[in-house]
Every structure is written in structure tokens, then in C-alpha cells.
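Asks: This structure is in C-alpha cells; I'll ask about it shortly.
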Amino acid sequence: MALITFRDVEKHFGDKLLFRDLSFRIESGAHVAFRAPSGGGKTTLLRLILGFETPDAGEILYQDRRLTPVAVAELRRRTAYVPQLVDWGMGRVEDLLAGFMAFRANAHLTGWRDELESLLPFFRLETRILQRDFHQLSGGEKQRLGLALAILLKRSIFLLDEPTASLDATLVHKVVDYFRGRADATILVASHRLDWIEMGQFRLLKVP
Ligand SMILES: Nc1ncnc2c1ncn2[C@@H]1O[C@H](COP(=O)(O)OP(=O)(O)OP(=O)(O)O)[C@@H](O)[C@H]1O
Ligand SMILES: [Mg+2]
């Protein structure tokens, strides 16, 4: 049974067709990179999987089930989604993180502060970033915090939208390397870059 199946999926916005007859299967534990040019529909594809968008034709299955509200809720509970632009809203980084961790779905994650202590240096972030206002951070700092949060959530599915777009080459290497090592997780990366395929051995899936 595949984790996620696209069967003849079509999506357009107005008269702009993003894809038609798009079919693929993603097995549990697969590492897959979606590649398409800018505006090619990568973000939309991730949003379709999460049920934030609906297909105009065809069907999307999660564990061979239609994406009903119940199935979408279950999929989202298992998924860490890092959007293309990480935006946690207003507030201090530490307070915002604590807020996410206080959600009922995350309340069991009691060791996250200890893990964060080692994740920050991994992402080349200083501890004092926790005291800063999120909206004052650079794009790359926000992106790294988004990835750190995704890891802290201990989900088994990662949906990563251009997760290294704002990072320098050393950090790109580290991030790709980290996720390559996550054999326990299903990872879908949307990226116009080849790093994930060349360095990370992710399976290429071209869209459309
Ligand atoms: N909600 C929407 N309403 C109308 N058009 C949209 C909507 N969302 C996306 N589009 C359009 O669909 C196309 C694909 O957008 P999408 O964000 O999926 O592309 P992308 O591959 O992620 O691009 P990028 O590499 O620049 O992030 C774009 O032309 C975009 O303007
Ligand atoms: Mg995008």
C-alpha cells in the first residue's frame, strides 16, 4: 500500500493549467524530490497533498483512501510541513516555539528544549536567537528555525518546500545530508535545485 497516490490529477488556476493526468505513488519511507521550474506547481502539489487545495480532476489517496476530512486530519498529524516562506507571526522565537509545543498534538514532546540545544548549533544558530523577535530575522534564519521545528515535532512524514533556498552551500550540504540519513521518515522535497538528487539520493519526480 502506497502512502500517497496521485491518480490522473489535474489542477489549474483560472486558465493556467499546472498539471493534467499527473500520476505517481510514494511508498512509505521514500525520499522524493519534486522538480519543476519556478511557477511550475511545486508548492501547489504539496498543498494538494495536505488538503489545502483540491484537485480539479483525478484523485489523491492517502494509504489507498480518498482524502476525506478524516484522512486529511490523520495525514496532517503525521506530517511536518515546512512552507516556502516560514512565518511564525509576531513574538519572540522562544515563546512562539513554546506555543507550538503546547498544542495538544505536540504535548507529548517533553524533551524538545534539550534537543533544541543541539539543533541550534547544527543549523549554525546562536542560542540568543531564541530571545529575538521572529519578524526581525533574516530569511535564512527563519528557514533554519522552520527546519528545526519540523525535526523537533518528531513526525514521520516531512513535506519540505524549497527548504534550502535561503541557505549557503555549507548549510545546504548539512541539511540534505541530515534528511538523507532519515531512513525512518518519508520525505517529499519541492525544489528547483538538483542538490537533493545529486547529494541526497532522492528520487526525482518531475512535475508535470
Ligand atoms: N491560490 C492561487 N490562485 C491563483 N493562482 C495560483 C494560486 N496558487 C498558485 N497559483 C499559480 O499557480 C502557479 C504555480 O504556483 P506554485 O506556487 O505552485 O509554483 P512553484 O513551482 O512552487 O513556484 P516557485 O518555484 O516560484 O515557488 C503560479 O503561476 C501561481 O501564480
Ligand atoms: Mg513554490
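Ordered as shown in the C-alpha cells, chains take letters A, B, and onward, while each chain numbers its residues from 1 and ligands are numbered from 1 in the order shown.
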For stretch 37-45 of chain A, work out the shell of residues within 7 Å, counting only C-alpha atoms and skipping chain neighbours fewer than 5 positions away, then give it as a VMD selection string.
Replies: chain A and resid 18 161 190 192
Asks: Do you know which residues are at most 9 Å from A:Arg193 counting only C-alpha atoms, after dropping those on the same chain fewer than 5 positions away, and could you put them as a ChimeraX atom specification?
Replies: /A:35,162,165
Asks: From stretch 20-186 of chain A, collect each residue whose DSSP state is strand (DSSP E) and return the set as a PDB file with N, CA and C atoms, in the first residue's frame.
Replies:
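That gives us result_3.pdb:
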ATOM      1  N   ARG A  20      -1.886  17.957 -15.662  1.00  0.00           N
ATOM      2  CA  ARG A  20      -3.031  17.148 -16.082  1.00  0.00           C
ATOM      3  C   ARG A  20      -2.546  15.702 -16.131  1.00  0.00           C
ATOM      4  N   ASP A  21      -3.411  14.770 -15.752  1.00  0.00           N
ATOM      5  CA  ASP A  21      -3.050  13.344 -15.758  1.00  0.00           C
ATOM      6  C   ASP A  21      -1.770  13.070 -14.987  1.00  0.00           C
ATOM      7  N   LEU A  22      -1.601  13.751 -13.874  1.00  0.00           N
ATOM      8  CA  LEU A  22      -0.400  13.528 -13.054  1.00  0.00           C
ATOM      9  C   LEU A  22      -0.642  12.316 -12.145  1.00  0.00           C
ATOM     10  N   SER A  23       0.186  11.292 -12.346  1.00  0.00           N
ATOM     11  CA  SER A  23       0.027  10.062 -11.571  1.00  0.00           C
ATOM     12  C   SER A  23       1.375   9.634 -11.005  1.00  0.00           C
ATOM     13  N   PHE A  24       1.398   9.310  -9.732  1.00  0.00           N
ATOM     14  CA  PHE A  24       2.591   8.713  -9.113  1.00  0.00           C
ATOM     15  C   PHE A  24       2.200   8.097  -7.782  1.00  0.00           C
ATOM     16  N   ARG A  25       3.113   7.266  -7.281  1.00  0.00           N
ATOM     17  CA  ARG A  25       2.903   6.643  -5.972  1.00  0.00           C
ATOM     18  C   ARG A  25       4.132   6.905  -5.111  1.00  0.00           C
ATOM     19  N   ILE A  26       3.902   7.213  -3.865  1.00  0.00           N
ATOM     20  CA  ILE A  26       5.005   7.408  -2.932  1.00  0.00           C
ATOM     21  C   ILE A  26       4.862   6.385  -1.821  1.00  0.00           C
ATOM     22  N   HIS A  31      12.208   8.737  -0.281  1.00  0.00           N
ATOM     23  CA  HIS A  31      12.780  10.091  -0.309  1.00  0.00           C
ATOM     24  C   HIS A  31      12.637  10.601  -1.737  1.00  0.00           C
ATOM     25  N   VAL A  32      11.769  11.578  -1.919  1.00  0.00           N
ATOM     26  CA  VAL A  32      11.396  12.009  -3.264  1.00  0.00           C
ATOM     27  C   VAL A  32      11.590  13.522  -3.402  1.00  0.00           C
ATOM     28  N   ALA A  33      12.144  13.943  -4.533  1.00  0.00           N
ATOM     29  CA  ALA A  33      12.272  15.374  -4.826  1.00  0.00           C
ATOM     30  C   ALA A  33      11.417  15.719  -6.038  1.00  0.00           C
ATOM     31  N   PHE A  34      10.498  16.674  -5.866  1.00  0.00           N
ATOM     32  CA  PHE A  34       9.708  17.193  -6.986  1.00  0.00           C
ATOM     33  C   PHE A  34      10.492  18.319  -7.625  1.00  0.00           C
ATOM     34  N   ARG A  35      10.664  18.225  -8.906  1.00  0.00           N
ATOM     35  CA  ARG A  35      11.422  19.269  -9.571  1.00  0.00           C
ATOM     36  C   ARG A  35      10.554  19.896 -10.651  1.00  0.00           C
ATOM     37  N   ALA A  57      -9.530  17.398 -11.194  1.00  0.00           N
ATOM     38  CA  ALA A  57      -9.912  16.085 -11.720  1.00  0.00           C
ATOM     39  C   ALA A  57      -8.936  15.064 -11.149  1.00  0.00           C
ATOM     40  N   GLY A  58      -9.322  13.798 -11.230  1.00  0.00           N
ATOM     41  CA  GLY A  58      -8.476  12.742 -10.679  1.00  0.00           C
ATOM     42  C   GLY A  58      -8.624  12.643  -9.174  1.00  0.00           C
ATOM     43  N   GLU A  59      -7.770  11.817  -8.550  1.00  0.00           N
ATOM     44  CA  GLU A  59      -7.884  11.681  -7.094  1.00  0.00           C
ATOM     45  C   GLU A  59      -6.542  11.524  -6.423  1.00  0.00           C
ATOM     46  N   ILE A  60      -6.537  11.934  -5.172  1.00  0.00           N
ATOM     47  CA  ILE A  60      -5.350  11.809  -4.329  1.00  0.00           C
ATOM     48  C   ILE A  60      -5.720  10.879  -3.186  1.00  0.00           C
ATOM     49  N   LEU A  61      -4.876   9.863  -2.973  1.00  0.00           N
ATOM     50  CA  LEU A  61      -5.164   8.879  -1.941  1.00  0.00           C
ATOM     51  C   LEU A  61      -4.085   8.913  -0.870  1.00  0.00           C
ATOM     52  N   TYR A  62      -4.495   8.748   0.363  1.00  0.00           N
ATOM     53  CA  TYR A  62      -3.569   8.570   1.482  1.00  0.00           C
ATOM     54  C   TYR A  62      -3.814   7.164   2.011  1.00  0.00           C
ATOM     55  N   ARG A  65      -6.807   5.571   0.643  1.00  0.00           N
ATOM     56  CA  ARG A  65      -8.108   6.154   0.989  1.00  0.00           C
ATOM     57  C   ARG A  65      -8.228   7.530   0.371  1.00  0.00           C
ATOM     58  N   ARG A  66      -9.424   7.874  -0.070  1.00  0.00           N
ATOM     59  CA  ARG A  66      -9.662   9.239  -0.550  1.00  0.00           C
ATOM     60  C   ARG A  66      -9.336  10.225   0.555  1.00  0.00           C
ATOM     61  N   THR A  79       2.516  14.662   9.806  1.00  0.00           N
ATOM     62  CA  THR A  79       3.364  15.398   8.878  1.00  0.00           C
ATOM     63  C   THR A  79       3.963  16.657   9.488  1.00  0.00           C
ATOM     64  N   ALA A  80       5.242  16.888   9.181  1.00  0.00           N
ATOM     65  CA  ALA A  80       5.877  18.178   9.466  1.00  0.00           C
ATOM     66  C   ALA A  80       6.027  18.894   8.133  1.00  0.00           C
ATOM     67  N   TYR A  81       5.378  20.039   8.016  1.00  0.00           N
ATOM     68  CA  TYR A  81       5.355  20.796   6.763  1.00  0.00           C
ATOM     69  C   TYR A  81       6.181  22.059   6.950  1.00  0.00           C
ATOM     70  N   VAL A  82       7.183  22.238   6.121  1.00  0.00           N
ATOM     71  CA  VAL A  82       7.968  23.479   6.153  1.00  0.00           C
ATOM     72  C   VAL A  82       7.617  24.266   4.898  1.00  0.00           C
ATOM     73  N   ILE A 157       6.455  12.012   8.436  1.00  0.00           N
ATOM     74  CA  ILE A 157       6.405  12.489   7.051  1.00  0.00           C
ATOM     75  C   ILE A 157       6.882  13.942   7.046  1.00  0.00           C
ATOM     76  N   PHE A 158       7.828  14.253   6.178  1.00  0.00           N
ATOM     77  CA  PHE A 158       8.285  15.630   6.013  1.00  0.00           C
ATOM     78  C   PHE A 158       7.873  16.132   4.641  1.00  0.00           C
ATOM     79  N   LEU A 159       7.201  17.276   4.584  1.00  0.00           N
ATOM     80  CA  LEU A 159       6.928  17.963   3.327  1.00  0.00           C
ATOM     81  C   LEU A 159       7.702  19.268   3.371  1.00  0.00           C
ATOM     82  N   LEU A 160       8.723  19.365   2.531  1.00  0.00           N
ATOM     83  CA  LEU A 160       9.654  20.492   2.611  1.00  0.00           C
ATOM     84  C   LEU A 160       9.584  21.276   1.310  1.00  0.00           C
ATOM     85  N   ASP A 161       9.214  22.558   1.413  1.00  0.00           N
ATOM     86  CA  ASP A 161       9.046  23.383   0.210  1.00  0.00           C
ATOM     87  C   ASP A 161      10.258  24.306   0.033  1.00  0.00           C
ATOM     88  N   THR A 186       9.349   9.371   5.642  1.00  0.00           N
ATOM     89  CA  THR A 186       9.013   9.652   4.253  1.00  0.00           C
ATOM     90  C   THR A 186       9.269  11.138   4.031  1.00  0.00           C
TER      91      THR A 186
END
Asks: Just want the 12 Å neighbourhood of A:Trp112, counted on only C-alpha atoms, with same-chain residues fewer than 5 positions away dropped. Output as a ChimeraX atom specification.
Replies: /A:94,97-98,100-102,106-107,117-120,148-154
Asks: Quick one: residues within 12 Å of A:Phe122, only C-alpha atoms, excluding same-chain residues fewer than 3 positions away - as a ChimeraX atom specification?
Replies: /A:115-119,125-127,144-145,147-148,151,170-171,173-175,177-178
Asks: Within 9 Å of A:Ile129, counting only C-alpha atoms, which residues show up once you throw out same-chain ones fewer than 5 positions away? Write them as a count of residues only, please.
Replies: 6
Asks: Extract, using only C-alpha atoms, all DNA, RNA and protein residues at most 6 Å from A:Lys11, discarding same-chain residues fewer than 5 positions from it, and format them as number ranges by chain.
Replies: A: 18-19, 55-56
Asks: Nearest to ligand 2: which of A:Ala105, A:Leu46, A:Ala71, A:Ile187 is it, counting only C-alpha atoms and all ligand atoms?
Replies: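 For ligand 2, the nearest of the candidates is A:Leu46.
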Asks: What's the separation between atom CA of A:Arg132 and atom CA of A:Leu96, in Å to one decimal place?
Replies: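 If I compute the distance from atom CA of A:Arg132 to atom CA of A:Leu96, I get 10.7 Å.
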Asks: Which one of A:Glu198, A:Phe13, A:Ser191, A:Pro69 sits closest to ligand 2 if you count only C-alpha atoms and all ligand atoms?
Replies: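 The shortest atom-to-atom distance to ligand 2 comes from A:Ser191.
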Asks: To test your reading of the structure, identify every residue in stretch 124-174 of chain A that backbone DSSP assigns to helix (DSSP H, G or I), and report it as an MDAnalysis selection string.
Replies: chainID A and resid 127:131 134:136 139:152 169:174
Asks: Could you please determine the separation between atom CA of A:Val72 and atom CA of A:Gly51 in Å, to one decimal place?
Replies: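 That distance, rounded to one decimal, is 6.2 Å.
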Asks: Just checking: using only C-alpha atoms and all ligand atoms, which residue out of A:Val9, A:Met1, A:Leu167, A:Leu85 ends up closest to ligand 2?
Replies: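 Selected residue with least distance to ligand 2: A:Leu85.
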Asks: Closest to ligand 1 among A:Arg155, A:Lys206, A:Lys16, A:Arg113, using only C-alpha atoms and all ligand atoms?
Replies: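 Looking only at the distances to ligand 1, the closest residue turns out to be A:Lys16.
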Asks: Between A:Gly139, A:Pro83, A:Gly200, A:Gly181, which is the closest to ligand 2 once you count only C-alpha atoms and all ligand atoms?
Replies: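 Smallest separation from ligand 2 among the options: A:Pro83.
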Asks: Which residues are close to A:Gly140, i.e. within 6 Å by only C-alpha atoms, leaving aside same-chain residues fewer than 2 positions away? Reply as a PyMOL selection string.
Replies: chain A and resi 138+142-143+166-167
Asks: For those residues, write N, CA and C atoms to a file as a PDB file, in the first residue's frame.
Replies:
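Below is the file that was written, again.pdb:
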ATOM      1  N   SER A 138      16.438  37.109   9.466  1.00  0.00           N
ATOM      2  CA  SER A 138      16.669  37.003   8.023  1.00  0.00           C
ATOM      3  C   SER A 138      15.896  35.807   7.470  1.00  0.00           C
ATOM      4  N   LYS A 142      14.982  32.282   9.447  1.00  0.00           N
ATOM      5  CA  LYS A 142      13.613  31.763   9.564  1.00  0.00           C
ATOM      6  C   LYS A 142      13.529  30.348   8.992  1.00  0.00           C
ATOM      7  N   GLN A 143      14.183  30.159   7.847  1.00  0.00           N
ATOM      8  CA  GLN A 143      14.148  28.850   7.199  1.00  0.00           C
ATOM      9  C   GLN A 143      14.770  27.770   8.090  1.00  0.00           C
ATOM     10  N   SER A 166      17.299  29.623   0.934  1.00  0.00           N
ATOM     11  CA  SER A 166      17.972  30.807   1.504  1.00  0.00           C
ATOM     12  C   SER A 166      19.266  30.448   2.229  1.00  0.00           C
ATOM     13  N   LEU A 167      19.785  29.246   2.002  1.00  0.00           N
ATOM     14  CA  LEU A 167      20.959  28.808   2.776  1.00  0.00           C
ATOM     15  C   LEU A 167      22.226  28.801   1.926  1.00  0.00           C
TER      16      LEU A 167
END
Asks: Atom CA of A:Pro163 and atom CA of A:Glu74, how far apart in Å?
Replies: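 So the two atoms, atom CA of A:Glu74 and atom CA of A:Pro163, lie 23.6 Å apart.
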Asks: Could you tell me which of A:Asp8, A:Thr110, A:Asp184, A:His135 comes closest to A:Trp88 if we count only C-alpha atoms?
Replies: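 Looking at the shortest contact to A:Trp88, the residue is A:His135.
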